Amino acid sequence: MNKAKDKALVVAPRIWRSSKNYNNSIEEISLLITTLGLDVAGVVEQKINKINPAYFIGTGKAKQIIEQAKILNAQYIIFDEDLSPVQTKNFQQLNKQLKILDRPGVILEIFFRNAKSKESKTQVELARLQYQLPRLTRLWTHLERQMGGFGTRAGAGETQIEVDRRIIRKKISLLKKKLKNIDSERRVQSKKRKSFFRASFVGYTNVGKSSLMKSLTKSDVLIKDQLFATLDTTVRRLFVGNNNHVLLSDTVGFIRNLPDNLIASFKSTLQEVVDSNLLLVVLDANSKDLFNEIETIQSVLKEIKANEVDTQYVFNKVDLVDGDRISYLKQSFPEAIMVSATRALQLSSIIELISTKHKNWISALKNP
């Protein structure tokens with residue numbers, strides 16, 4: 001008999017006259033929550049004129065949401081926003097049994113669960129502890145032995161909190177040193193690869209980058225239909241004719257509002273993207289929020305200083321859309337390549353593109 005999943009009440013504040021685009025944001029946070037293994041019990045959308053420094057939303061509405069969570073028998077209240085430590089603390093004080101999470105917290109927990117390699121575990125743990133440190137206003141027991149679990153519960157006195165803070169600061173310091181060593185190792189690897197043309201898949205999480213990688217290189221690559229299944233950079237050889245090969249990389253996917261400390265921690269992993277000669281930006285042909293996803297991708301590329309790298313759009317999953325949609329995409333993105341990784345449709349177009357770029361790169365090396 002399967003154990004019933006814990007439930008989450010989603011709170012989606014919407015700020016009047018905000019430049020933020022909220023299209024499909026609830027769908028996205030719901031998918032994140034499902035990936036975390038929770039059921040969405042309900043959604044509260046709230047239009048506000050300005051952010052309340054105490055609760056993000058108004059005090060009355062905050063109390064109302066607590067009551068609604070009780071009625072729905074929800075164990076979590078999850079904000080589709082970034083809460084300050086003070087807002088999290090104040091909300092927690094309203095009900096000490098409920099767990100309070102915000103959007104960055106959910107993303108960090110998914111990364112924490114999916115981290116497999118020593119490198120990604122170190123990166124995620126660092127980002128997670130940096131997120132937790134200013135939020136230590138509740139009971140965090142046995143931090144010396146265990147950093148697992150997610151959400152926060154109310155409880156401890158100041159003395160215990162200070163002990164916990166010291167433990168976390170010490171751990172952060174050790175993890176930063178570890179990452180420095182990992183970064184040095186990556187730089188050595190990167191230097192060795194400089195003699196090869198490098199192409200990288202980038203894009204939103206779960207758009208089929210790993211499937212494309214597997215189909216093109218015929219190699220064993222982890223494929224899962226879930227958000228952030230791939231956290232580590234995978235590099236494979238791709239043959240482009242006449243026994244020539246290039247290096248093809250697949251790395252962590254992007255999503256709207258990735259926590260800043262997560263991007264910072266993954267800097268060494270994302271360096272593979274920065275050092276590429278060609279970025280293949282993979283997009284879901286069936287996406288309802290395409291232009292916002294492109295904006296997110298461009299924003300992350302700019303943040304990691306990869307926005308100057310030669311870029312090519314690749315629309316995957318064209319087998320799931322009709323002719324009208326394909327015509328619209330071709331009209332909007334005339335240079336884009338249309339493919340399907342699962343059906344192996346038009347994959348030769350990617351190889352032809354990489355081959356051409358590779359030849360141009362070789363030519364430029366010979367005739368600087």
# chains A, B, ... in the order shown; residues from 1 in each chain; ligands from 1

call {"tool": "closest_atom_pairs", "arguments": {"of": "stretch 205-299 of chain A", "to": "stretch 77-83 of chain A", "cutoff": "12 Å", "atoms": "only C-alpha atoms", "output": "JSON lines"}}
result
{"residue": "A:Arg256", "atom": "CA", "partner": "A:Glu81", "partner_atom": "CA", "distance": 10.8}
{"residue": "A:Asn257", "atom": "CA", "partner": "A:Asp82", "partner_atom": "CA", "distance": 8.7}
{"residue": "A:Leu258", "atom": "CA", "partner": "A:Asp82", "partner_atom": "CA", "distance": 10.3}
{"residue": "A:Pro259", "atom": "CA", "partner": "A:Asp82", "partner_atom": "CA", "distance": 8.9}
{"residue": "A:Asp260", "atom": "CA", "partner": "A:Asp82", "partner_atom": "CA", "distance": 11.1}

call {"tool": "select_by_dssp", "arguments": {"residues": "stretch 13-145 of chain A", "states": "helix (DSSP H, G or I)", "output": "JSON, numbers by chain"}}
result
{"A": [25, 26, 27, 28, 29, 30, 31, 32, 33, 34, 35, 59, 60, 61, 62, 63, 64, 65, 66, 67, 68, 69, 70, 71, 85, 86, 87, 88, 89, 90, 91, 92, 93, 94, 103, 104, 105, 106, 107, 108, 109, 110, 111, 112, 113, 114, 118, 119, 120, 121, 122, 123, 124, 125, 126, 127, 128, 129, 130, 131, 132, 133, 134, 135]}

call {"tool": "select_by_dssp", "arguments": {"residues": "stretch 192-307 of chain A", "states": "strand (DSSP E or B)", "output": "list in words"}}
result
Arg198, Ala199, Ser200, Phe201, Val202, Gly203, Tyr204, Thr234, Val235, Arg236, Arg237, Leu238, Phe239, His245, Val246, Leu247, Leu248, Ser249, Asp250, Phe254, Leu278, Leu279, Leu280, Val281, Val282, Leu283 and Asp284 of chain A

call {"tool": "write_last_selection", "arguments": {"atoms": "N, CA and C atoms", "output": "mmCIF file, in the first residue's frame"}}
result
data_model
loop_
_atom_site.group_PDB
_atom_site.id
_atom_site.type_symbol
_atom_site.label_atom_id
_atom_site.label_comp_id
_atom_site.auth_asym_id
_atom_site.auth_seq_id
_atom_site.Cartn_x
_atom_site.Cartn_y
_atom_site.Cartn_z
ATOM 1 N N ARG A 198 34.269 22.637 -29.431
ATOM 2 C CA ARG A 198 33.318 22.237 -28.388
ATOM 3 C C ARG A 198 31.946 22.859 -28.616
ATOM 4 N N ALA A 199 30.939 22.006 -28.578
ATOM 5 C CA ALA A 199 29.547 22.460 -28.675
ATOM 6 C C ALA A 199 28.820 22.015 -27.408
ATOM 7 N N SER A 200 27.911 22.840 -26.923
ATOM 8 C CA SER A 200 27.178 22.503 -25.690
ATOM 9 C C SER A 200 25.682 22.690 -25.874
ATOM 10 N N PHE A 201 24.928 21.726 -25.332
ATOM 11 C CA PHE A 201 23.484 21.881 -25.249
ATOM 12 C C PHE A 201 23.161 22.718 -24.014
ATOM 13 N N VAL A 202 22.352 23.748 -24.189
ATOM 14 C CA VAL A 202 21.858 24.531 -23.054
ATOM 15 C C VAL A 202 20.358 24.708 -23.240
ATOM 16 N N GLY A 203 19.686 25.074 -22.162
ATOM 17 C CA GLY A 203 18.252 25.315 -22.288
ATOM 18 C C GLY A 203 17.515 25.019 -21.001
ATOM 19 N N TYR A 204 16.218 25.151 -21.082
ATOM 20 C CA TYR A 204 15.350 24.885 -19.933
ATOM 21 C C TYR A 204 15.500 23.432 -19.509
ATOM 22 N N THR A 234 28.004 16.335 -18.890
ATOM 23 C CA THR A 234 28.373 15.122 -19.619
ATOM 24 C C THR A 234 29.042 15.545 -20.913
ATOM 25 N N VAL A 235 30.227 15.021 -21.179
ATOM 26 C CA VAL A 235 30.945 15.349 -22.410
ATOM 27 C C VAL A 235 31.146 14.065 -23.215
ATOM 28 N N ARG A 236 30.752 14.090 -24.489
ATOM 29 C CA ARG A 236 30.901 12.930 -25.369
ATOM 30 C C ARG A 236 31.494 13.370 -26.704
ATOM 31 N N ARG A 237 32.099 12.424 -27.397
ATOM 32 C CA ARG A 237 32.633 12.711 -28.732
ATOM 33 C C ARG A 237 31.523 12.571 -29.771
ATOM 34 N N LEU A 238 31.491 13.499 -30.704
ATOM 35 C CA LEU A 238 30.550 13.425 -31.831
ATOM 36 C C LEU A 238 31.354 13.460 -33.125
ATOM 37 N N PHE A 239 31.237 12.402 -33.916
ATOM 38 C CA PHE A 239 31.980 12.333 -35.175
ATOM 39 C C PHE A 239 31.248 13.125 -36.259
ATOM 40 N N HIS A 245 36.246 14.548 -35.038
ATOM 41 C CA HIS A 245 35.223 14.596 -33.995
ATOM 42 C C HIS A 245 35.334 15.886 -33.200
ATOM 43 N N VAL A 246 34.192 16.256 -32.629
ATOM 44 C CA VAL A 246 34.123 17.425 -31.763
ATOM 45 C C VAL A 246 33.673 16.929 -30.386
ATOM 46 N N LEU A 247 33.733 17.799 -29.392
ATOM 47 C CA LEU A 247 33.242 17.449 -28.054
ATOM 48 C C LEU A 247 31.870 18.079 -27.848
ATOM 49 N N LEU A 248 30.914 17.241 -27.496
ATOM 50 C CA LEU A 248 29.537 17.695 -27.294
ATOM 51 C C LEU A 248 29.208 17.580 -25.809
ATOM 52 N N SER A 249 28.700 18.648 -25.216
ATOM 53 C CA SER A 249 28.428 18.672 -23.769
ATOM 54 C C SER A 249 26.943 18.887 -23.477
ATOM 55 N N ASP A 250 26.524 18.298 -22.383
ATOM 56 C CA ASP A 250 25.170 18.516 -21.864
ATOM 57 C C ASP A 250 25.327 18.857 -20.393
ATOM 58 N N PHE A 254 18.122 25.019 -17.096
ATOM 59 C CA PHE A 254 17.771 26.290 -16.462
ATOM 60 C C PHE A 254 16.279 26.297 -16.127
ATOM 61 N N LEU A 278 30.297 26.720 -29.645
ATOM 62 C CA LEU A 278 28.930 26.793 -30.160
ATOM 63 C C LEU A 278 27.951 26.353 -29.076
ATOM 64 N N LEU A 279 26.899 27.154 -28.873
ATOM 65 C CA LEU A 279 25.834 26.785 -27.944
ATOM 66 C C LEU A 279 24.596 26.389 -28.741
ATOM 67 N N LEU A 280 24.114 25.188 -28.491
ATOM 68 C CA LEU A 280 22.878 24.720 -29.106
ATOM 69 C C LEU A 280 21.771 24.901 -28.066
ATOM 70 N N VAL A 281 20.987 25.955 -28.242
ATOM 71 C CA VAL A 281 19.924 26.277 -27.286
ATOM 72 C C VAL A 281 18.703 25.430 -27.628
ATOM 73 N N VAL A 282 18.445 24.420 -26.790
ATOM 74 C CA VAL A 282 17.347 23.487 -27.053
ATOM 75 C C VAL A 282 16.062 24.026 -26.447
ATOM 76 N N LEU A 283 15.023 24.093 -27.273
ATOM 77 C CA LEU A 283 13.713 24.605 -26.853
ATOM 78 C C LEU A 283 12.644 23.553 -27.124
ATOM 79 N N ASP A 284 11.592 23.583 -26.336
ATOM 80 C CA ASP A 284 10.469 22.658 -26.507
ATOM 81 C C ASP A 284 9.498 23.261 -27.515
#

call {"tool": "atom_distance", "arguments": {"atom1": "atom CA of A:Ala54", "atom2": "atom CA of A:Ser84"}}
result
9.0 Å

call {"tool": "closest_residue", "arguments": {"among": "A:Ala341, A:Leu72, A:Ile66, A:Ile351", "to": "A:Asn90", "atoms": "only C-alpha atoms"}}
result
A:Ile66

call {"tool": "atom_distance", "arguments": {"atom1": "atom CA of A:Asp275", "atom2": "atom CA of A:Ala306"}}
result
8.0 Å

call {"tool": "residues_around", "arguments": {"residues": "A:Phe112", "least_positions_apart": "4", "cutoff": "7 Å", "atoms": "only C-alpha atoms", "output": "list of chain:residue names"}}
result
A:Leu108, A:Val124, A:Glu125

call {"tool": "write_last_selection", "arguments": {"atoms": "C-alpha atoms", "output": "mmCIF file, in the first residue's frame"}}
result
data_model
loop_
_atom_site.group_PDB
_atom_site.id
_atom_site.type_symbol
_atom_site.label_atom_id
_atom_site.label_comp_id
_atom_site.auth_asym_id
_atom_site.auth_seq_id
_atom_site.Cartn_x
_atom_site.Cartn_y
_atom_site.Cartn_z
ATOM 1 C CA LEU A 108 17.397 23.763 -4.013
ATOM 2 C CA VAL A 124 24.298 21.861 -4.083
ATOM 3 C CA GLU A 125 25.174 21.476 -0.413
#

call {"tool": "residues_around", "arguments": {"residues": "A:Ser265", "least_positions_apart": "4", "cutoff": "10 Å", "atoms": "only C-alpha atoms", "output": "list in words"}}
result
Ser120, Thr122, Gln123, Val124, Glu125, Leu126, Ala127, Arg128, Leu175, Lys176, Leu179, Asp260, Asn261, Thr269 and Leu270 of chain A

call {"tool": "closest_residue", "arguments": {"among": "A:Ala336, A:Leu98, A:Ala264, A:Ile33", "to": "A:Gln130", "atoms": "only C-alpha atoms"}}
result
A:Ala264

call {"tool": "atom_distance", "arguments": {"atom1": "atom CA of A:Lys89", "atom2": "atom CA of A:Glu45"}}
result
21.3 Å

call {"tool": "decode", "arguments": {"residues": "stretch 230-255 of chain A", "atoms": "N, CA and C atoms", "output": "PDB file, in the first residue's frame"}}
result
ATOM      1  N   THR A 230      19.602  15.998 -14.878  1.00  0.00           N
ATOM      2  CA  THR A 230      21.043  16.123 -15.145  1.00  0.00           C
ATOM      3  C   THR A 230      21.607  17.330 -14.400  1.00  0.00           C
ATOM      4  N   LEU A 231      22.528  17.090 -13.473  1.00  0.00           N
ATOM      5  CA  LEU A 231      23.194  18.187 -12.771  1.00  0.00           C
ATOM      6  C   LEU A 231      24.672  18.270 -13.144  1.00  0.00           C
ATOM      7  N   ASP A 232      25.243  17.144 -13.535  1.00  0.00           N
ATOM      8  CA  ASP A 232      26.658  17.119 -13.896  1.00  0.00           C
ATOM      9  C   ASP A 232      26.829  17.314 -15.396  1.00  0.00           C
ATOM     10  N   THR A 233      27.942  17.892 -15.780  1.00  0.00           N
ATOM     11  CA  THR A 233      28.233  18.050 -17.207  1.00  0.00           C
ATOM     12  C   THR A 233      28.655  16.708 -17.794  1.00  0.00           C
ATOM     13  N   THR A 234      28.004  16.335 -18.890  1.00  0.00           N
ATOM     14  CA  THR A 234      28.373  15.122 -19.619  1.00  0.00           C
ATOM     15  C   THR A 234      29.042  15.545 -20.913  1.00  0.00           C
ATOM     16  N   VAL A 235      30.227  15.021 -21.179  1.00  0.00           N
ATOM     17  CA  VAL A 235      30.945  15.349 -22.410  1.00  0.00           C
ATOM     18  C   VAL A 235      31.146  14.065 -23.215  1.00  0.00           C
ATOM     19  N   ARG A 236      30.752  14.090 -24.489  1.00  0.00           N
ATOM     20  CA  ARG A 236      30.901  12.930 -25.369  1.00  0.00           C
ATOM     21  C   ARG A 236      31.494  13.370 -26.704  1.00  0.00           C
ATOM     22  N   ARG A 237      32.099  12.424 -27.397  1.00  0.00           N
ATOM     23  CA  ARG A 237      32.633  12.711 -28.732  1.00  0.00           C
ATOM     24  C   ARG A 237      31.523  12.571 -29.771  1.00  0.00           C
ATOM     25  N   LEU A 238      31.491  13.499 -30.704  1.00  0.00           N
ATOM     26  CA  LEU A 238      30.550  13.425 -31.831  1.00  0.00           C
ATOM     27  C   LEU A 238      31.354  13.460 -33.125  1.00  0.00           C
ATOM     28  N   PHE A 239      31.237  12.402 -33.916  1.00  0.00           N
ATOM     29  CA  PHE A 239      31.980  12.333 -35.175  1.00  0.00           C
ATOM     30  C   PHE A 239      31.248  13.125 -36.259  1.00  0.00           C
ATOM     31  N   VAL A 240      32.001  13.934 -36.971  1.00  0.00           N
ATOM     32  CA  VAL A 240      31.404  14.827 -37.974  1.00  0.00           C
ATOM     33  C   VAL A 240      32.012  14.579 -39.368  1.00  0.00           C
ATOM     34  N   GLY A 241      32.400  13.352 -39.649  1.00  0.00           N
ATOM     35  CA  GLY A 241      32.917  12.998 -40.977  1.00  0.00           C
ATOM     36  C   GLY A 241      34.428  13.022 -41.056  1.00  0.00           C
ATOM     37  N   ASN A 242      34.977  12.181 -41.966  1.00  0.00           N
ATOM     38  CA  ASN A 242      36.436  12.083 -42.187  1.00  0.00           C
ATOM     39  C   ASN A 242      37.208  11.834 -40.888  1.00  0.00           C
ATOM     40  N   ASN A 243      36.610  11.008 -40.022  1.00  0.00           N
ATOM     41  CA  ASN A 243      37.226  10.665 -38.726  1.00  0.00           C
ATOM     42  C   ASN A 243      37.462  11.878 -37.810  1.00  0.00           C
ATOM     43  N   ASN A 244      36.876  13.017 -38.171  1.00  0.00           N
ATOM     44  CA  ASN A 244      36.967  14.189 -37.303  1.00  0.00           C
ATOM     45  C   ASN A 244      35.906  14.099 -36.207  1.00  0.00           C
ATOM     46  N   HIS A 245      36.246  14.548 -35.038  1.00  0.00           N
ATOM     47  CA  HIS A 245      35.223  14.596 -33.995  1.00  0.00           C
ATOM     48  C   HIS A 245      35.334  15.886 -33.200  1.00  0.00           C
ATOM     49  N   VAL A 246      34.192  16.256 -32.629  1.00  0.00           N
ATOM     50  CA  VAL A 246      34.123  17.425 -31.763  1.00  0.00           C
ATOM     51  C   VAL A 246      33.673  16.929 -30.386  1.00  0.00           C
ATOM     52  N   LEU A 247      33.733  17.799 -29.392  1.00  0.00           N
ATOM     53  CA  LEU A 247      33.242  17.449 -28.054  1.00  0.00           C
ATOM     54  C   LEU A 247      31.870  18.079 -27.848  1.00  0.00           C
ATOM     55  N   LEU A 248      30.914  17.241 -27.496  1.00  0.00           N
ATOM     56  CA  LEU A 248      29.537  17.695 -27.294  1.00  0.00           C
ATOM     57  C   LEU A 248      29.208  17.580 -25.809  1.00  0.00           C
ATOM     58  N   SER A 249      28.700  18.648 -25.216  1.00  0.00           N
ATOM     59  CA  SER A 249      28.428  18.672 -23.769  1.00  0.00           C
ATOM     60  C   SER A 249      26.943  18.887 -23.477  1.00  0.00           C
ATOM     61  N   ASP A 250      26.524  18.298 -22.383  1.00  0.00           N
ATOM     62  CA  ASP A 250      25.170  18.516 -21.864  1.00  0.00           C
ATOM     63  C   ASP A 250      25.327  18.857 -20.393  1.00  0.00           C
ATOM     64  N   THR A 251      24.706  19.931 -19.951  1.00  0.00           N
ATOM     65  CA  THR A 251      24.879  20.336 -18.553  1.00  0.00           C
ATOM     66  C   THR A 251      23.522  20.646 -17.925  1.00  0.00           C
ATOM     67  N   VAL A 252      23.565  21.165 -16.704  1.00  0.00           N
ATOM     68  CA  VAL A 252      22.355  21.406 -15.925  1.00  0.00           C
ATOM     69  C   VAL A 252      21.375  22.314 -16.672  1.00  0.00           C
ATOM     70  N   GLY A 253      20.080  21.994 -16.555  1.00  0.00           N
ATOM     71  CA  GLY A 253      19.053  22.802 -17.200  1.00  0.00           C
ATOM     72  C   GLY A 253      18.759  24.069 -16.418  1.00  0.00           C
ATOM     73  N   PHE A 254      18.122  25.019 -17.096  1.00  0.00           N
ATOM     74  CA  PHE A 254      17.771  26.290 -16.462  1.00  0.00           C
ATOM     75  C   PHE A 254      16.279  26.297 -16.127  1.00  0.00           C
ATOM     76  N   ILE A 255      15.898  27.235 -15.306  1.00  0.00           N
ATOM     77  CA  ILE A 255      14.485  27.476 -15.009  1.00  0.00           C
ATOM     78  C   ILE A 255      14.378  28.913 -14.509  1.00  0.00           C
TER      79      ILE A 255
END
